[in-house]
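The next block is start32.tsv, given as TSV, C-alpha atoms.
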```tsv
chain	number	residue	atom	x	y	z
S	280	MET	CA	0.00	0.00	0.00
S	281	VAL	CA	1.29	3.45	-0.90
S	282	THR	CA	0.95	6.13	1.72
S	283	SER	CA	1.07	9.84	1.14
S	284	ALA	CA	4.27	10.09	3.18
S	285	ALA	CA	6.07	7.75	0.74
S	286	LEU	CA	5.16	9.76	-2.36
S	287	PRO	CA	7.47	12.27	-4.04
S	288	ASP	CA	6.28	15.88	-4.28
S	289	THR	CA	5.81	15.55	-8.05
S	290	CYS	CA	2.96	13.03	-7.59
S	291	LEU	CA	-0.63	14.12	-7.98
S	292	LEU	CA	-4.01	12.51	-8.44
S	293	CYS	CA	-5.76	13.39	-11.69
S	294	ARG	CA	-8.74	15.57	-10.75
S	295	GLU	CA	-10.99	13.78	-13.24
S	296	CYS	CA	-10.07	10.08	-12.97
S	297	ALA	CA	-8.01	9.96	-9.73
S	298	LEU	CA	-5.07	8.25	-11.45
S	299	LEU	CA	-1.89	8.67	-9.41
S	300	VAL	CA	0.40	10.47	-11.85
S	301	ASP	CA	4.09	11.26	-11.63
S	302	LEU	CA	4.28	14.75	-13.12
S	303	ALA	CA	7.82	15.75	-14.05
S	304	PRO	CA	8.54	19.52	-13.94
S	305	LEU	CA	7.34	21.20	-17.13
S	306	GLU	CA	9.39	23.36	-19.49
S	307	GLU	CA	7.95	26.69	-20.64
S	308	GLY	CA	5.29	26.09	-23.30
S	309	GLN	CA	4.87	22.43	-22.30
S	310	ARG	CA	1.59	20.76	-21.28
S	311	ALA	CA	0.96	17.51	-19.41
S	312	PHE	CA	-2.03	15.22	-19.89
S	313	CYS	CA	-3.38	12.34	-17.86
S	314	PRO	CA	-2.40	9.11	-19.65
S	315	ARG	CA	-5.75	7.49	-18.78
S	316	CYS	CA	-8.53	10.07	-19.27
S	317	GLY	CA	-6.66	12.69	-21.32
S	318	CYS	CA	-7.45	15.47	-18.85
S	319	LEU	CA	-5.07	18.45	-19.01
S	320	LEU	CA	-3.12	18.14	-15.77
S	321	SER	CA	-1.02	21.24	-16.12
S	322	ALA	CA	0.28	23.73	-18.68
S	323	ARG	CA	3.27	26.00	-18.21
S	324	HIS	CA	2.69	29.05	-20.38
S	325	ARG	CA	5.52	31.35	-21.41
S	326	ASP	CA	5.75	34.34	-19.00
S	327	ALA	CA	2.37	33.25	-17.63
S	328	ASN	CA	2.32	35.42	-14.51
S	329	ALA	CA	3.46	38.59	-16.32
S	330	ARG	CA	0.83	37.98	-19.00
S	331	ILE	CA	-1.92	37.33	-16.43
S	332	LEU	CA	-1.06	40.57	-14.63
S	333	ALA	CA	-1.02	42.54	-17.89
S	334	PHE	CA	-4.35	41.12	-19.07
S	335	VAL	CA	-5.97	41.51	-15.64
S	336	LEU	CA	-4.96	45.18	-15.46
S	337	SER	CA	-6.14	45.77	-19.04
S	338	ALA	CA	-9.46	44.02	-18.29
S	339	LEU	CA	-9.95	46.10	-15.11
S	340	LEU	CA	-9.21	49.30	-17.02
S	341	CYS	CA	-11.67	48.38	-19.80
S	342	LEU	CA	-14.34	47.39	-17.26
S	343	GLY	CA	-13.90	50.74	-15.51
S	344	LEU	CA	-14.08	52.65	-18.79
S	345	SER	CA	-17.17	50.73	-19.88
S	346	THR	CA	-19.12	52.26	-16.99
S	347	LEU	CA	-18.30	55.86	-17.98
S	348	PHE	CA	-19.74	56.33	-21.46
S	349	ASP	CA	-22.89	55.48	-23.42
S	350	PHE	CA	-23.41	51.76	-23.91
S	351	VAL	CA	-26.16	51.76	-26.53
S	352	HIS	CA	-28.27	54.38	-28.24
S	353	LEU	CA	-31.81	53.57	-29.35
S	354	SER	CA	-34.06	55.62	-31.60
S	355	SER	CA	-37.56	54.77	-32.74
S	356	THR	CA	-40.27	56.95	-34.32
S	357	GLY	CA	-38.74	60.18	-33.06
S	358	LEU	CA	-38.03	58.95	-29.55
S	359	GLU	CA	-34.45	58.50	-28.42
S	360	ARG	CA	-32.95	56.63	-25.50
S	361	GLN	CA	-29.40	56.24	-24.27
S	362	LEU	CA	-28.23	53.68	-21.78
S	363	THR	CA	-24.97	53.34	-19.86
S	364	LEU	CA	-23.75	49.98	-18.53
S	365	PRO	CA	-24.67	50.72	-14.87
S	366	GLN	CA	-28.12	51.80	-16.10
S	367	THR	CA	-28.76	48.26	-17.41
S	368	ILE	CA	-28.93	47.40	-13.70
S	369	THR	CA	-30.37	50.57	-12.16
S	370	GLU	CA	-33.24	50.55	-14.66
S	371	LEU	CA	-34.20	47.07	-13.46
S	372	PHE	CA	-34.17	48.36	-9.87
S	373	ALA	CA	-36.44	51.20	-10.99
S	374	LEU	CA	-38.82	48.61	-12.46
S	375	ARG	CA	-38.78	46.87	-9.04
S	376	GLU	CA	-37.25	43.77	-10.61
S	377	TRP	CA	-34.82	43.42	-7.69
S	378	PRO	CA	-33.83	39.75	-7.96
S	379	LEU	CA	-33.06	40.11	-11.67
S	380	ALA	CA	-31.28	43.45	-11.06
S	381	LEU	CA	-29.12	41.95	-8.30
S	382	PHE	CA	-28.30	38.93	-10.43
S	383	MET	CA	-27.43	41.06	-13.47
S	384	GLY	CA	-25.41	43.51	-11.35
S	385	GLY	CA	-23.46	40.63	-9.84
S	386	VAL	CA	-22.75	38.96	-13.14
S	387	VAL	CA	-22.09	42.04	-15.27
S	388	ILE	CA	-19.90	44.13	-12.98
S	389	GLY	CA	-19.61	42.82	-9.39
S	390	LEU	CA	-18.36	39.28	-9.89
S	391	PRO	CA	-15.90	40.03	-12.73
S	392	LEU	CA	-14.48	42.90	-10.68
S	393	VAL	CA	-13.89	40.72	-7.60
S	394	PHE	CA	-12.60	37.87	-9.77
S	395	LEU	CA	-10.05	40.08	-11.54
S	396	GLY	CA	-9.00	41.65	-8.22
S	397	THR	CA	-8.52	38.22	-6.64
S	398	LEU	CA	-6.56	36.87	-9.59
S	399	GLY	CA	-4.43	40.02	-9.77
S	400	ALA	CA	-3.64	39.96	-6.02
S	401	LEU	CA	-2.78	36.25	-6.18
S	402	VAL	CA	-0.37	36.56	-9.11
S	403	LEU	CA	1.12	39.81	-7.79
S	404	GLY	CA	1.84	38.04	-4.48
S	405	ILE	CA	3.65	35.24	-6.33
S	406	GLU	CA	5.57	37.61	-8.61
S	407	THR	CA	6.81	39.70	-5.67
S	408	HIS	CA	7.75	36.53	-3.70
S	409	ARG	CA	5.25	37.34	-0.97
S	410	ALA	CA	3.00	34.29	-1.43
S	411	GLY	CA	1.80	32.78	1.81
S	412	HIS	CA	-1.01	30.60	3.11
S	413	TRP	CA	-3.38	33.44	2.19
S	414	SER	CA	-2.45	32.82	-1.46
S	415	PHE	CA	-4.15	29.41	-1.27
S	416	ALA	CA	-7.29	31.17	0.00
S	417	LEU	CA	-7.12	33.53	-2.99
S	418	LEU	CA	-6.58	30.58	-5.36
S	419	ARG	CA	-9.62	28.85	-3.87
S	420	CYS	CA	-11.65	32.05	-4.13
S	421	ALA	CA	-10.56	32.59	-7.77
S	422	GLY	CA	-11.68	29.05	-8.65
S	423	PHE	CA	-15.10	29.68	-7.10
S	424	LEU	CA	-15.53	33.03	-8.86
S	425	HIS	CA	-14.40	31.55	-12.20
S	426	PHE	CA	-17.20	28.97	-11.90
S	427	TRP	CA	-19.82	31.73	-11.61
S	428	ASN	CA	-18.31	34.17	-14.08
S	429	MET	CA	-20.79	34.75	-16.93
S	430	ALA	CA	-19.53	38.03	-18.41
S	431	GLU	CA	-19.07	36.48	-21.86
S	432	ILE	CA	-22.61	35.05	-21.78
S	433	PHE	CA	-23.97	38.50	-20.90
S	434	PHE	CA	-22.05	39.87	-23.89
S	435	LEU	CA	-23.64	37.25	-26.16
S	436	GLY	CA	-27.00	38.22	-24.64
S	437	ILE	CA	-26.42	41.85	-25.67
S	438	LEU	CA	-25.61	40.81	-29.24
S	439	VAL	CA	-28.76	38.67	-29.39
S	440	SER	CA	-30.82	41.58	-28.00
S	441	MET	CA	-29.44	43.92	-30.68
S	442	VAL	CA	-30.50	41.59	-33.46
S	443	LYS	CA	-33.87	41.03	-31.79
S	444	ILE	CA	-34.79	44.72	-31.76
S	445	ALA	CA	-33.11	45.65	-35.05
S	446	ASP	CA	-36.52	45.57	-36.81
S	447	LEU	CA	-38.23	47.72	-34.16
S	448	ALA	CA	-35.70	50.50	-33.66
S	449	GLN	CA	-32.37	51.89	-34.79
S	450	VAL	CA	-29.63	50.81	-32.43
S	451	SER	CA	-26.11	52.23	-32.38
S	452	LEU	CA	-23.31	51.06	-30.15
S	453	GLY	CA	-21.54	53.47	-27.80
S	454	LEU	CA	-17.92	53.62	-26.64
S	455	SER	CA	-18.75	51.64	-23.48
S	456	PHE	CA	-19.93	48.70	-25.57
S	457	TRP	CA	-16.51	48.42	-27.21
S	458	CYS	CA	-14.79	48.83	-23.82
S	459	TYR	CA	-16.92	45.97	-22.48
S	460	ALA	CA	-16.03	43.87	-25.55
S	461	CYS	CA	-12.31	44.54	-24.89
S	462	PHE	CA	-12.82	43.69	-21.21
S	463	ASN	CA	-14.22	40.30	-22.24
S	464	LEU	CA	-11.34	39.72	-24.63
S	465	PHE	CA	-8.70	40.54	-21.96
S	466	LEU	CA	-10.52	38.39	-19.40
S	467	ILE	CA	-10.44	35.41	-21.78
S	468	LEU	CA	-6.74	36.03	-22.52
S	469	ALA	CA	-5.93	36.24	-18.79
S	470	LEU	CA	-7.79	32.97	-18.14
S	471	ALA	CA	-5.98	31.29	-21.04
S	472	ASN	CA	-2.71	31.81	-19.14
S	473	VAL	CA	-3.98	30.63	-15.76
S	474	ASP	CA	-2.94	27.16	-14.63
S	475	ARG	CA	-4.09	26.24	-11.15
S	476	HIS	CA	-1.40	23.60	-10.68
S	477	GLN	CA	1.45	25.94	-11.67
S	478	LEU	CA	0.12	28.68	-9.37
S	479	ALA	CA	-0.20	26.21	-6.48
S	480	LEU	CA	3.31	24.94	-7.22
S	481	ALA	CA	4.73	28.48	-7.10
S	482	ILE	CA	2.99	29.12	-3.75
S	483	ARG	CA	4.27	25.81	-2.36
S	484	ARG	CA	7.84	26.60	-3.42
S	485	GLN	CA	7.78	30.04	-1.85
S	486	LEU	CA	6.27	28.67	1.36
S	487	ALA	CA	8.85	25.87	1.51
S	488	ALA	CA	11.71	28.31	0.93
S	489	ARG	CA	10.44	30.58	3.69
S	490	GLU	CA	9.79	27.79	6.19
S	491	ALA	CA	13.09	25.97	5.53
S	492	PRO	CA	15.67	26.40	8.32
S	493	ALA	CA	18.30	29.00	7.42
G	73	MET	CA	0.86	-0.41	-6.78
G	74	THR	CA	-2.42	0.60	-5.15
G	75	GLN	CA	-3.52	3.79	-3.42
G	76	PRO	CA	-6.86	2.97	-1.80
G	77	THR	CA	-6.22	5.39	1.07
G	78	LEU	CA	-5.18	8.39	-0.98
G	79	ALA	CA	-7.06	11.52	-2.02
G	80	GLY	CA	-5.80	14.37	-4.16
G	81	CYS	CA	-6.42	18.03	-3.34
G	82	SER	CA	-8.11	19.69	-6.31
G	83	LEU	CA	-6.45	23.01	-5.42
G	84	CYS	CA	-2.79	22.41	-4.61
G	85	GLY	CA	-2.39	18.80	-5.78
G	86	GLN	CA	-1.27	17.48	-2.39
G	87	VAL	CA	-1.79	13.71	-2.18
G	88	GLN	CA	-2.96	12.61	1.27
G	89	HIS	CA	-5.06	10.12	3.21
G	90	HIS	CA	-8.66	10.25	2.10
G	91	GLU	CA	-10.07	10.29	5.64
G	92	HIS	CA	-9.02	13.94	5.93
G	93	THR	CA	-11.90	16.29	5.18
G	94	HIS	CA	-9.61	19.22	4.37
G	95	CYS	CA	-6.26	19.42	2.59
G	96	LEU	CA	-3.40	19.41	5.07
G	97	ARG	CA	-1.45	21.97	3.05
G	98	CYS	CA	-3.94	24.52	1.75
G	99	GLY	CA	-7.18	23.80	3.65
G	100	GLN	CA	-9.28	23.03	0.56
G	101	THR	CA	-12.28	20.78	1.22
G	102	LEU	CA	-11.52	17.30	-0.09
G	103	ARG	CA	-14.45	15.99	-2.14
G	104	ALA	CA	-16.13	13.11	-0.44
G	105	ARG	CA	-17.12	10.19	-2.62
G	106	HIS	CA	-20.19	8.97	-0.90
G	107	ARG	CA	-23.91	8.69	-1.54
G	108	PRO	CA	-25.12	11.95	0.08
G	109	ARG	CA	-23.19	13.81	-2.64
G	110	LEU	CA	-25.18	11.90	-5.26
G	111	GLN	CA	-28.43	12.55	-3.40
G	112	TYR	CA	-27.52	16.23	-3.51
G	113	CYS	CA	-27.17	15.92	-7.31
G	114	TRP	CA	-30.54	14.14	-7.64
G	115	SER	CA	-32.32	16.69	-5.46
G	116	LEU	CA	-30.90	19.56	-7.53
G	117	LEU	CA	-31.87	17.79	-10.72
G	118	VAL	CA	-35.47	17.31	-9.55
G	119	THR	CA	-35.59	20.96	-8.43
G	120	GLY	CA	-34.35	21.98	-11.86
G	121	LEU	CA	-37.01	19.84	-13.55
G	122	ILE	CA	-39.74	21.42	-11.43
G	123	LEU	CA	-38.42	24.90	-12.30
G	124	TYR	CA	-38.34	23.95	-15.99
G	125	LEU	CA	-42.16	23.94	-16.06
G	126	PRO	CA	-42.80	27.57	-14.97
G	127	ALA	CA	-39.73	28.64	-16.95
G	128	ASN	CA	-41.38	27.41	-20.14
G	129	LEU	CA	-45.10	27.76	-19.40
G	130	LEU	CA	-45.12	31.25	-17.89
G	131	PRO	CA	-44.31	34.40	-19.92
G	132	ILE	CA	-40.65	35.38	-19.92
G	133	MET	CA	-41.30	38.83	-21.41
G	134	ARG	CA	-44.25	41.26	-21.54
G	135	THR	CA	-44.15	43.67	-24.49
G	136	THR	CA	-46.30	46.81	-24.49
G	137	GLU	CA	-46.84	48.59	-27.81
G	138	VAL	CA	-49.29	51.20	-29.11
G	139	GLY	CA	-51.77	48.48	-30.09
G	140	GLY	CA	-51.73	46.76	-26.71
G	141	SER	CA	-49.54	44.34	-24.80
G	142	SER	CA	-48.55	40.74	-25.35
G	143	ASP	CA	-46.92	38.02	-23.25
G	144	ASN	CA	-44.22	35.82	-24.71
G	145	THR	CA	-43.02	32.48	-23.46
G	146	ILE	CA	-39.61	31.18	-24.56
G	147	ALA	CA	-41.18	28.91	-27.20
G	148	SER	CA	-43.50	31.60	-28.58
G	149	GLY	CA	-40.53	34.01	-28.72
G	150	VAL	CA	-38.63	31.51	-30.86
G	151	VAL	CA	-41.64	31.16	-33.18
G	152	VAL	CA	-42.01	34.96	-33.51
G	153	LEU	CA	-38.30	35.36	-34.28
G	154	TRP	CA	-38.50	32.59	-36.88
G	155	GLN	CA	-41.57	34.18	-38.51
G	156	HIS	CA	-39.73	37.52	-38.70
G	157	GLY	CA	-36.88	35.80	-40.54
G	158	SER	CA	-34.31	36.01	-37.69
G	159	TYR	CA	-33.35	32.38	-38.22
G	160	LEU	CA	-29.94	32.56	-36.55
G	161	ILE	CA	-31.23	34.20	-33.35
G	162	ALA	CA	-34.26	31.89	-33.26
G	163	THR	CA	-31.90	28.91	-33.54
G	164	ILE	CA	-29.57	30.26	-30.79
G	165	ILE	CA	-32.50	30.82	-28.40
G	166	PHE	CA	-34.07	27.46	-29.28
G	167	VAL	CA	-30.82	25.58	-28.71
G	168	ALA	CA	-29.68	27.52	-25.60
G	169	SER	CA	-33.06	27.82	-23.87
G	170	LEU	CA	-35.04	24.75	-24.88
G	171	LEU	CA	-32.77	22.06	-26.27
G	172	ILE	CA	-29.72	22.35	-23.99
G	173	PRO	CA	-31.67	22.35	-20.67
G	174	LEU	CA	-33.66	19.29	-21.74
G	175	ALA	CA	-30.56	17.48	-22.98
G	176	LYS	CA	-28.78	18.46	-19.77
G	177	PHE	CA	-31.48	16.85	-17.61
G	178	VAL	CA	-31.19	13.58	-19.58
G	179	VAL	CA	-27.39	13.58	-19.55
G	180	LEU	CA	-27.11	14.49	-15.85
G	181	ALA	CA	-29.60	11.76	-14.94
G	182	ALA	CA	-27.60	9.24	-17.01
G	183	LEU	CA	-24.35	10.37	-15.37
G	184	ALA	CA	-25.83	10.16	-11.87
G	185	LEU	CA	-27.29	6.72	-12.59
G	186	SER	CA	-23.95	5.65	-13.97
G	187	GLN	CA	-22.32	6.60	-10.66
G	188	GLN	CA	-24.91	4.56	-8.78
G	189	GLN	CA	-24.69	1.53	-11.08
G	190	SER	CA	-21.21	1.34	-12.51
G	191	GLY	CA	-21.11	0.06	-16.07
G	192	LEU	CA	-24.20	1.91	-17.30
G	193	LEU	CA	-21.94	4.25	-19.26
G	194	GLY	CA	-18.33	3.54	-20.15
G	195	ALA	CA	-15.79	5.66	-18.29
G	196	ARG	CA	-14.65	7.49	-21.44
G	197	ALA	CA	-18.20	8.13	-22.66
G	198	ALA	CA	-19.21	9.36	-19.20
G	199	MET	CA	-16.17	11.61	-19.10
G	200	ARG	CA	-16.96	13.17	-22.50
G	201	LEU	CA	-20.57	13.77	-21.48
G	202	TYR	CA	-19.51	15.22	-18.15
G	203	ARG	CA	-17.08	17.69	-19.76
G	204	LEU	CA	-19.68	18.70	-22.37
G	205	THR	CA	-22.37	19.22	-19.71
G	206	GLU	CA	-20.05	21.32	-17.57
G	207	PHE	CA	-19.12	23.49	-20.57
G	208	VAL	CA	-22.52	24.13	-22.16
G	209	GLY	CA	-24.64	24.42	-19.02
G	210	ARG	CA	-23.99	28.10	-18.29
G	211	TRP	CA	-24.76	29.22	-21.84
G	212	SER	CA	-28.48	28.66	-21.29
G	213	MET	CA	-28.39	31.83	-19.19
G	214	VAL	CA	-28.22	33.89	-22.39
G	215	ASP	CA	-32.03	34.22	-22.57
G	216	VAL	CA	-32.22	35.67	-19.06
G	217	PHE	CA	-29.63	38.31	-20.00
G	218	VAL	CA	-31.52	39.11	-23.20
G	219	VAL	CA	-34.71	39.73	-21.21
G	220	GLY	CA	-32.91	41.76	-18.51
G	221	PHE	CA	-31.07	43.91	-21.04
G	222	LEU	CA	-34.15	44.53	-23.23
G	223	ALA	CA	-36.24	45.43	-20.16
G	224	ALA	CA	-33.62	48.00	-19.11
G	225	LEU	CA	-33.23	49.38	-22.64
G	226	ILE	CA	-36.77	49.54	-23.97
G	227	GLN	CA	-38.71	51.79	-21.63
G	228	MET	CA	-40.52	54.24	-23.92
G	229	GLY	CA	-43.80	54.47	-22.09
G	230	ASN	CA	-46.92	53.43	-23.99
G	231	LEU	CA	-45.10	53.57	-27.32
G	232	MET	CA	-42.98	50.54	-26.54
G	233	SER	CA	-41.81	48.97	-23.32
G	234	ILE	CA	-40.66	45.55	-22.20
G	235	LEU	CA	-41.01	43.99	-18.77
G	236	PRO	CA	-39.48	40.71	-17.55
G	237	GLY	CA	-42.00	37.95	-16.90
G	238	PRO	CA	-42.01	35.49	-13.99
G	239	ALA	CA	-40.38	32.84	-16.18
G	240	ALA	CA	-37.12	34.82	-16.29
G	241	LEU	CA	-36.35	34.14	-12.63
G	242	ALA	CA	-37.57	30.54	-12.82
G	243	PHE	CA	-35.32	29.98	-15.83
G	244	ALA	CA	-32.29	31.56	-14.10
G	245	ALA	CA	-32.92	29.39	-11.02
G	246	MET	CA	-33.22	26.30	-13.24
G	247	VAL	CA	-29.87	26.99	-14.93
G	248	ILE	CA	-28.20	27.57	-11.55
G	249	THR	CA	-29.59	24.33	-10.06
G	250	THR	CA	-28.42	22.28	-13.06
G	251	MET	CA	-24.98	23.92	-12.87
G	252	LEU	CA	-24.76	22.93	-9.21
G	253	ALA	CA	-26.03	19.43	-10.03
G	254	ALA	CA	-23.26	19.00	-12.62
G	255	ALA	CA	-20.67	20.35	-10.17
G	256	SER	CA	-21.79	17.91	-7.48
G	257	LEU	CA	-21.00	14.90	-9.67
G	258	ASP	CA	-17.58	13.38	-9.07
G	259	PRO	CA	-16.05	12.29	-12.40
G	260	ARG	CA	-13.45	10.19	-10.57
G	261	ALA	CA	-16.18	7.71	-9.64
G	262	TYR	CA	-16.32	6.43	-13.25
G	263	TRP	CA	-12.78	5.10	-13.16
G	264	GLU	CA	-11.12	2.15	-11.50
G	265	ARG	CA	-9.00	3.22	-8.59
G	266	GLY	CA	-5.55	1.94	-7.74
G	267	GLU	CA	-3.73	2.57	-11.02
G	268	THR	CA	-0.65	4.72	-11.51
G	269	GLY	CA	1.00	6.33	-14.53
G	270	HIS	CA	3.30	8.98	-15.90
G	271	ALA	CA	1.95	12.20	-17.33
G	272	GLU	CA	2.10	12.59	-21.11
G	273	HIS	CA	3.91	15.79	-22.09
G	274	ALA	CA	3.11	17.81	-25.19
```
Would you write the structure of this file as structure tokens?
Amino acid sequence: MVTSAALPDTCLLCRECALLVDLAPLEEGQRAFCPRCGCLLSARHRDANARILAFVLSALLCLGLSTLFDFVHLSSTGLERQLTLPQTITELFALREWPLALFMGGVVIGLPLVFLGTLGALVLGIETHRAGHWSFALLRCAGFLHFWNMAEIFFLGILVSMVKIADLAQVSLGLSFWCYACFNLFLILALANVDRHQLALAIRRQLAAREAPA
Amino acid sequence: MTQPTLAGCSLCGQVQHHEHTHCLRCGQTLRARHRPRLQYCWSLLVTGLILYLPANLLPIMRTTEVGGSSDNTIASGVVVLWQHGSYLIATIIFVASLLIPLAKFVVLAALALSQQQSGLLGARAAMRLYRLTEFVGRWSMVDVFVVGFLAALIQMGNLMSILPGPAALAFAAMVITTMLAAASLDPRAYWERGETGHAEHA
């Protein structure tokens, strides 16, 4: 019987099929797959942490900018209406549709903001060699927020809405719409460079180095 | 080589005795592989099925125009879009709001049954279905966002205004319960335990 104490640090159980895998350290640009179920075990992207930080900051900037200008402009039979991104939520509050307004507010602005902040703080901690046990809490939090992140689905919803009302009114897109599109793009690019195993490995190494006797 | 007493942390990868409830290194909850977890999945699935009825039978959107007001369910909205020639959007809404939730109920039930009676689905087939279900499940939420966004945008008094119907919340709740049901399944239960291997690098 194998016990955890007898296993080298490179061993891990595949999260999808629980195969005990010996994962040799990866070179930059290399990926490792489970030999049984084909699940991606880990990927070491080139300059991953620097890229994540850059994309997270860009996404935060675009998200901030998307709240400042007009999102869409609608005109129909002489009547005109402009909407900013925060108004997509405040208008629902005004209609007393509170559950839907809270849900939309969380998904459109709140959750992505917290998610990007968490991811940024986590990677910044690793990059400045200040990772600690709190970094695991951030990693756990980022995983949870990633599960509920639906910013890209909201964006698809906007596109569908535009096509739906194209026959009824003239719709033009404002600067905020393009900022929100860029925010989605940067968020996807940041996530493409995130590898949970590599982040956990970096935290473990920094913790081990700090806790080792001098 | 066997490892019947080992469990892997999904967060930091630490391999440890499975009787621990939390990872010794990072504190992550170690997923338990026992029946209550499956009961949790079944209860969420049944809740989702119950919510599917109001989500599809009640109006999801109320449109007020000069001529009067009309209520639209998801299905009638698809029909209207199709009749207006918006085939692509009608197809997206039909697939995301009607087809995917139904298919998800069937697939999740098959996956849960397969965990109860091993051999119902092959491990590889179950794995493919599980990954697909996890990926597509959230996209059903698109219709809720469409309704929310249109309700916020189109408020032009009696000329034209849109209000969300009761089905919007029921639909959102249904998508959330099926997402949680999928997340409560443990894909590791489909595989034989006790094997070891070396990772394939690419």
Practice prompt. Pick out the residues sitting within 12 Å of range 175-189 of chain G, and hand them over as a PyMOL selection string; count all atoms listed in the file, and ignore anything fewer than 6 positions along from it in its own chain.
Written response: chain G and resi 105-124+167-169+195-212+246-247+249-263
Item to complete: Kindly indicate which residue among S:Ser451, S:Gln309, S:Cys293, S:Ile388 lies nearest to Leu353 in chain S, using all atoms listed in the file for the distances.
Response: S:Ser451
Worksheet item: Residues at most 9 Å from Leu319 in chain S, counting all atoms listed in the file, excluding those fewer than 3 positions away in the same chain, as a ChimeraX atom specification?
Response: /S:293,310-313,322
With C-alpha atoms retained, could you export that selection as a tab-separated table (two decimals), in the frame of the given file?
```tsv
chain	number	residue	atom	x	y	z
S	293	CYS	CA	-5.76	13.39	-11.69
S	310	ARG	CA	1.59	20.76	-21.28
S	311	ALA	CA	0.96	17.51	-19.41
S	312	PHE	CA	-2.03	15.22	-19.89
S	313	CYS	CA	-3.38	12.34	-17.86
S	322	ALA	CA	0.28	23.73	-18.68
```
Please, which residues in chain S fall within 6 Å of chain G when counting all atoms listed in the file, and what is the closest atom pair and distance in Å to one decimal for each, ordered by chain then residue number, as JSON lines?
```
{"residue": "S:Met280", "atom": "CA", "partner": "G:Thr74", "partner_atom": "CA", "distance": 5.7}
{"residue": "S:Val281", "atom": "CA", "partner": "G:Gln75", "partner_atom": "CA", "distance": 5.4}
{"residue": "S:Ser283", "atom": "CA", "partner": "G:Gln88", "partner_atom": "CA", "distance": 4.9}
{"residue": "S:Leu291", "atom": "CA", "partner": "G:Gly85", "partner_atom": "CA", "distance": 5.5}
{"residue": "S:Leu292", "atom": "CA", "partner": "G:Gly80", "partner_atom": "CA", "distance": 5.0}
{"residue": "S:Glu295", "atom": "CA", "partner": "G:Arg260", "partner_atom": "CA", "distance": 5.1}
{"residue": "S:Cys296", "atom": "CA", "partner": "G:Arg260", "partner_atom": "CA", "distance": 4.1}
{"residue": "S:Ala297", "atom": "CA", "partner": "G:Arg260", "partner_atom": "CA", "distance": 5.5}
{"residue": "S:Leu298", "atom": "CA", "partner": "G:Thr268", "partner_atom": "CA", "distance": 5.7}
{"residue": "S:Leu299", "atom": "CA", "partner": "G:Thr268", "partner_atom": "CA", "distance": 4.6}
{"residue": "S:Val300", "atom": "CA", "partner": "G:Gly269", "partner_atom": "CA", "distance": 5.0}
{"residue": "S:Asp301", "atom": "CA", "partner": "G:His270", "partner_atom": "CA", "distance": 4.9}
{"residue": "S:Leu302", "atom": "CA", "partner": "G:Ala271", "partner_atom": "CA", "distance": 5.4}
{"residue": "S:Gln309", "atom": "CA", "partner": "G:Ala274", "partner_atom": "CA", "distance": 5.7}
{"residue": "S:Arg310", "atom": "CA", "partner": "G:Ala274", "partner_atom": "CA", "distance": 5.1}
{"residue": "S:Ala311", "atom": "CA", "partner": "G:His273", "partner_atom": "CA", "distance": 4.3}
{"residue": "S:Phe312", "atom": "CA", "partner": "G:Glu272", "partner_atom": "CA", "distance": 5.0}
{"residue": "S:Cys313", "atom": "CA", "partner": "G:Ala271", "partner_atom": "CA", "distance": 5.4}
{"residue": "S:Pro314", "atom": "CA", "partner": "G:Ala271", "partner_atom": "CA", "distance": 5.8}
{"residue": "S:Thr367", "atom": "CA", "partner": "G:Ala224", "partner_atom": "CA", "distance": 5.2}
{"residue": "S:Glu370", "atom": "CA", "partner": "G:Ala224", "partner_atom": "CA", "distance": 5.1}
{"residue": "S:Leu371", "atom": "CA", "partner": "G:Ala224", "partner_atom": "CA", "distance": 5.8}
{"residue": "S:Phe415", "atom": "CA", "partner": "G:Cys98", "partner_atom": "CA", "distance": 5.8}
{"residue": "S:Ile432", "atom": "CA", "partner": "G:Val214", "partner_atom": "CA", "distance": 5.8}
{"residue": "S:Phe433", "atom": "CA", "partner": "G:Phe217", "partner_atom": "CA", "distance": 5.7}
{"residue": "S:Gly436", "atom": "CA", "partner": "G:Val218", "partner_atom": "CA", "distance": 4.8}
{"residue": "S:Ser440", "atom": "CA", "partner": "G:Val218", "partner_atom": "CA", "distance": 5.4}
{"residue": "S:Ala479", "atom": "CA", "partner": "G:Cys84", "partner_atom": "CA", "distance": 5.0}
```
Write to file, as a short mmCIF file (atom, residue, chain, number, x, y, z; two decimals), keeping the file's coordinate frame, the residues of the selection just made, with C-alpha atoms.
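Ended up saving to out_35.cif:
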```cif
data_model
loop_
_atom_site.label_atom_id
_atom_site.label_comp_id
_atom_site.auth_asym_id
_atom_site.auth_seq_id
_atom_site.Cartn_x
_atom_site.Cartn_y
_atom_site.Cartn_z
CA MET S 280 0.00 0.00 0.00
CA VAL S 281 1.29 3.45 -0.90
CA SER S 283 1.07 9.84 1.14
CA LEU S 291 -0.63 14.12 -7.98
CA LEU S 292 -4.01 12.51 -8.44
CA GLU S 295 -10.99 13.78 -13.24
CA CYS S 296 -10.07 10.08 -12.97
CA ALA S 297 -8.01 9.96 -9.73
CA LEU S 298 -5.07 8.25 -11.45
CA LEU S 299 -1.89 8.67 -9.41
CA VAL S 300 0.40 10.47 -11.85
CA ASP S 301 4.09 11.26 -11.63
CA LEU S 302 4.28 14.75 -13.12
CA GLN S 309 4.87 22.43 -22.30
CA ARG S 310 1.59 20.76 -21.28
CA ALA S 311 0.96 17.51 -19.41
CA PHE S 312 -2.03 15.22 -19.89
CA CYS S 313 -3.38 12.34 -17.86
CA PRO S 314 -2.40 9.11 -19.65
CA THR S 367 -28.76 48.26 -17.41
CA GLU S 370 -33.24 50.55 -14.66
CA LEU S 371 -34.20 47.07 -13.46
CA PHE S 415 -4.15 29.41 -1.27
CA ILE S 432 -22.61 35.05 -21.78
CA PHE S 433 -23.97 38.50 -20.90
CA GLY S 436 -27.00 38.22 -24.64
CA SER S 440 -30.82 41.58 -28.00
CA ALA S 479 -0.20 26.21 -6.48
#
```
